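A.B. asks: Have a look at this one before I ask anything.
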Amino acid sequence: MKQRIHKDPVCGKKINRQKAQILIKYKGYGYFLCCPLCQTEFEQNPDKYAKLEYAFKIPLIKKGKGRRIR
């Protein structure tokens, strides 16, 4: 199975989604962050860091139709 590598929008570090510190959901998109410092920085100024180049679309889950996000 191919591993998906994402980029932390705060520090720019490349991270494997399974090893990410946290996933933040913001305005319908997900952002993987590498550490608590990046999480704090993102949460304090999300519009600065919430760029589409770092994001992935979070699928809408209809009621009763739960799906896993991989």
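For the structure tokens, the naming scheme is as follows: chains receive sequential letters (A, B, ...) according to their order of presentation, residues are indexed from 1 within each chain, and ligands are indexed from 1 in presentation order.
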Counting only C-alpha atoms, what is within 10 Å of A:Cys11, bar same-chain residues fewer than 3 positions away, as a list in words?

C.D. replies: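 With the cut-off at 10 Å, the set is Lys7, Asp8, Lys14, Leu33, Cys34, Cys35, Leu37, Cys38, Glu41 and Tyr49 of chain A.
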
A.B. asks: Can you tell me which residues surround A:Gln39 at a distance of at most 12 Å, considering only C-alpha atoms, apart from same-chain residues fewer than 3 positions away, and format the answer as a list in words?

C.D. replies: Asp8, Pro9, Val10, Cys11, Ala20, Gln21, Ile22, Leu23, Ile24, Lys25, Tyr31, Phe32, Leu33, Cys34, Cys35, Pro36, Phe42, Glu43, Gln44, Asn45, Pro46, Tyr49 and Ala50 of chain A

A.B. asks: Using only C-alpha atoms, determine which residues lie at most 7 Å from A:Tyr29, disregarding the query and same-chain residues fewer than 4 positions distant; provide the list as a ChimeraX atom specification.

C.D. replies: /A:25,55-58

A.B. asks: With DSSP run on the backbone, what are the strand (DSSP E) residues within chain A? I'd like them as a ChimeraX atom specification.

C.D. replies: /A:5-7,14-16,22-26,29-33,56-57

A.B. asks: Would you save the residues from that selection as a PDB file, in the first residue's frame, using N, CA and C atoms?

C.D. replies:
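Wrote part-v5.pdb, looks like this:
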ATOM      1  N   ILE A   5       2.315  11.013   1.858  1.00  0.00           N
ATOM      2  CA  ILE A   5       3.120  11.987   2.574  1.00  0.00           C
ATOM      3  C   ILE A   5       2.447  13.356   2.449  1.00  0.00           C
ATOM      4  N   HIS A   6       2.335  14.021   3.572  1.00  0.00           N
ATOM      5  CA  HIS A   6       1.737  15.354   3.610  1.00  0.00           C
ATOM      6  C   HIS A   6       2.779  16.329   4.126  1.00  0.00           C
ATOM      7  N   LYS A   7       2.523  17.597   3.931  1.00  0.00           N
ATOM      8  CA  LYS A   7       3.432  18.637   4.386  1.00  0.00           C
ATOM      9  C   LYS A   7       2.758  19.445   5.491  1.00  0.00           C
ATOM     10  N   LYS A  14       7.855  17.360   5.903  1.00  0.00           N
ATOM     11  CA  LYS A  14       7.101  16.277   5.283  1.00  0.00           C
ATOM     12  C   LYS A  14       6.826  15.217   6.346  1.00  0.00           C
ATOM     13  N   ILE A  15       5.547  14.800   6.422  1.00  0.00           N
ATOM     14  CA  ILE A  15       5.173  13.813   7.435  1.00  0.00           C
ATOM     15  C   ILE A  15       4.258  12.749   6.850  1.00  0.00           C
ATOM     16  N   ASN A  16       4.428  11.539   7.344  1.00  0.00           N
ATOM     17  CA  ASN A  16       3.565  10.425   7.009  1.00  0.00           C
ATOM     18  C   ASN A  16       2.276  10.607   7.804  1.00  0.00           C
ATOM     19  N   ILE A  22      -1.170  15.415  14.911  1.00  0.00           N
ATOM     20  CA  ILE A  22      -2.592  15.755  14.974  1.00  0.00           C
ATOM     21  C   ILE A  22      -3.128  16.057  13.588  1.00  0.00           C
ATOM     22  N   LEU A  23      -4.406  15.848  13.442  1.00  0.00           N
ATOM     23  CA  LEU A  23      -5.139  16.237  12.241  1.00  0.00           C
ATOM     24  C   LEU A  23      -6.102  17.338  12.652  1.00  0.00           C
ATOM     25  N   ILE A  24      -5.963  18.494  12.029  1.00  0.00           N
ATOM     26  CA  ILE A  24      -6.877  19.605  12.306  1.00  0.00           C
ATOM     27  C   ILE A  24      -7.829  19.738  11.136  1.00  0.00           C
ATOM     28  N   LYS A  25      -9.110  19.837  11.437  1.00  0.00           N
ATOM     29  CA  LYS A  25     -10.132  20.070  10.421  1.00  0.00           C
ATOM     30  C   LYS A  25     -10.489  21.547  10.448  1.00  0.00           C
ATOM     31  N   TYR A  26     -10.425  22.170   9.267  1.00  0.00           N
ATOM     32  CA  TYR A  26     -10.704  23.601   9.183  1.00  0.00           C
ATOM     33  C   TYR A  26     -11.378  23.898   7.855  1.00  0.00           C
ATOM     34  N   TYR A  29     -11.550  21.088   5.229  1.00  0.00           N
ATOM     35  CA  TYR A  29     -10.281  20.496   4.815  1.00  0.00           C
ATOM     36  C   TYR A  29      -9.520  19.997   6.031  1.00  0.00           C
ATOM     37  N   GLY A  30      -8.651  19.017   5.804  1.00  0.00           N
ATOM     38  CA  GLY A  30      -7.820  18.472   6.868  1.00  0.00           C
ATOM     39  C   GLY A  30      -6.374  18.879   6.674  1.00  0.00           C
ATOM     40  N   TYR A  31      -5.688  19.083   7.792  1.00  0.00           N
ATOM     41  CA  TYR A  31      -4.277  19.464   7.789  1.00  0.00           C
ATOM     42  C   TYR A  31      -3.547  18.605   8.822  1.00  0.00           C
ATOM     43  N   PHE A  32      -2.484  17.924   8.396  1.00  0.00           N
ATOM     44  CA  PHE A  32      -1.673  17.134   9.309  1.00  0.00           C
ATOM     45  C   PHE A  32      -0.549  18.004   9.849  1.00  0.00           C
ATOM     46  N   LEU A  33      -0.338  17.919  11.159  1.00  0.00           N
ATOM     47  CA  LEU A  33       0.701  18.707  11.821  1.00  0.00           C
ATOM     48  C   LEU A  33       1.657  17.774  12.552  1.00  0.00           C
ATOM     49  N   PHE A  56      -6.223  18.443   2.436  1.00  0.00           N
ATOM     50  CA  PHE A  56      -6.951  17.420   1.711  1.00  0.00           C
ATOM     51  C   PHE A  56      -8.421  17.557   2.083  1.00  0.00           C
ATOM     52  N   LYS A  57      -9.269  17.296   1.123  1.00  0.00           N
ATOM     53  CA  LYS A  57     -10.715  17.439   1.321  1.00  0.00           C
ATOM     54  C   LYS A  57     -11.223  16.324   2.219  1.00  0.00           C
TER      55      LYS A  57
END
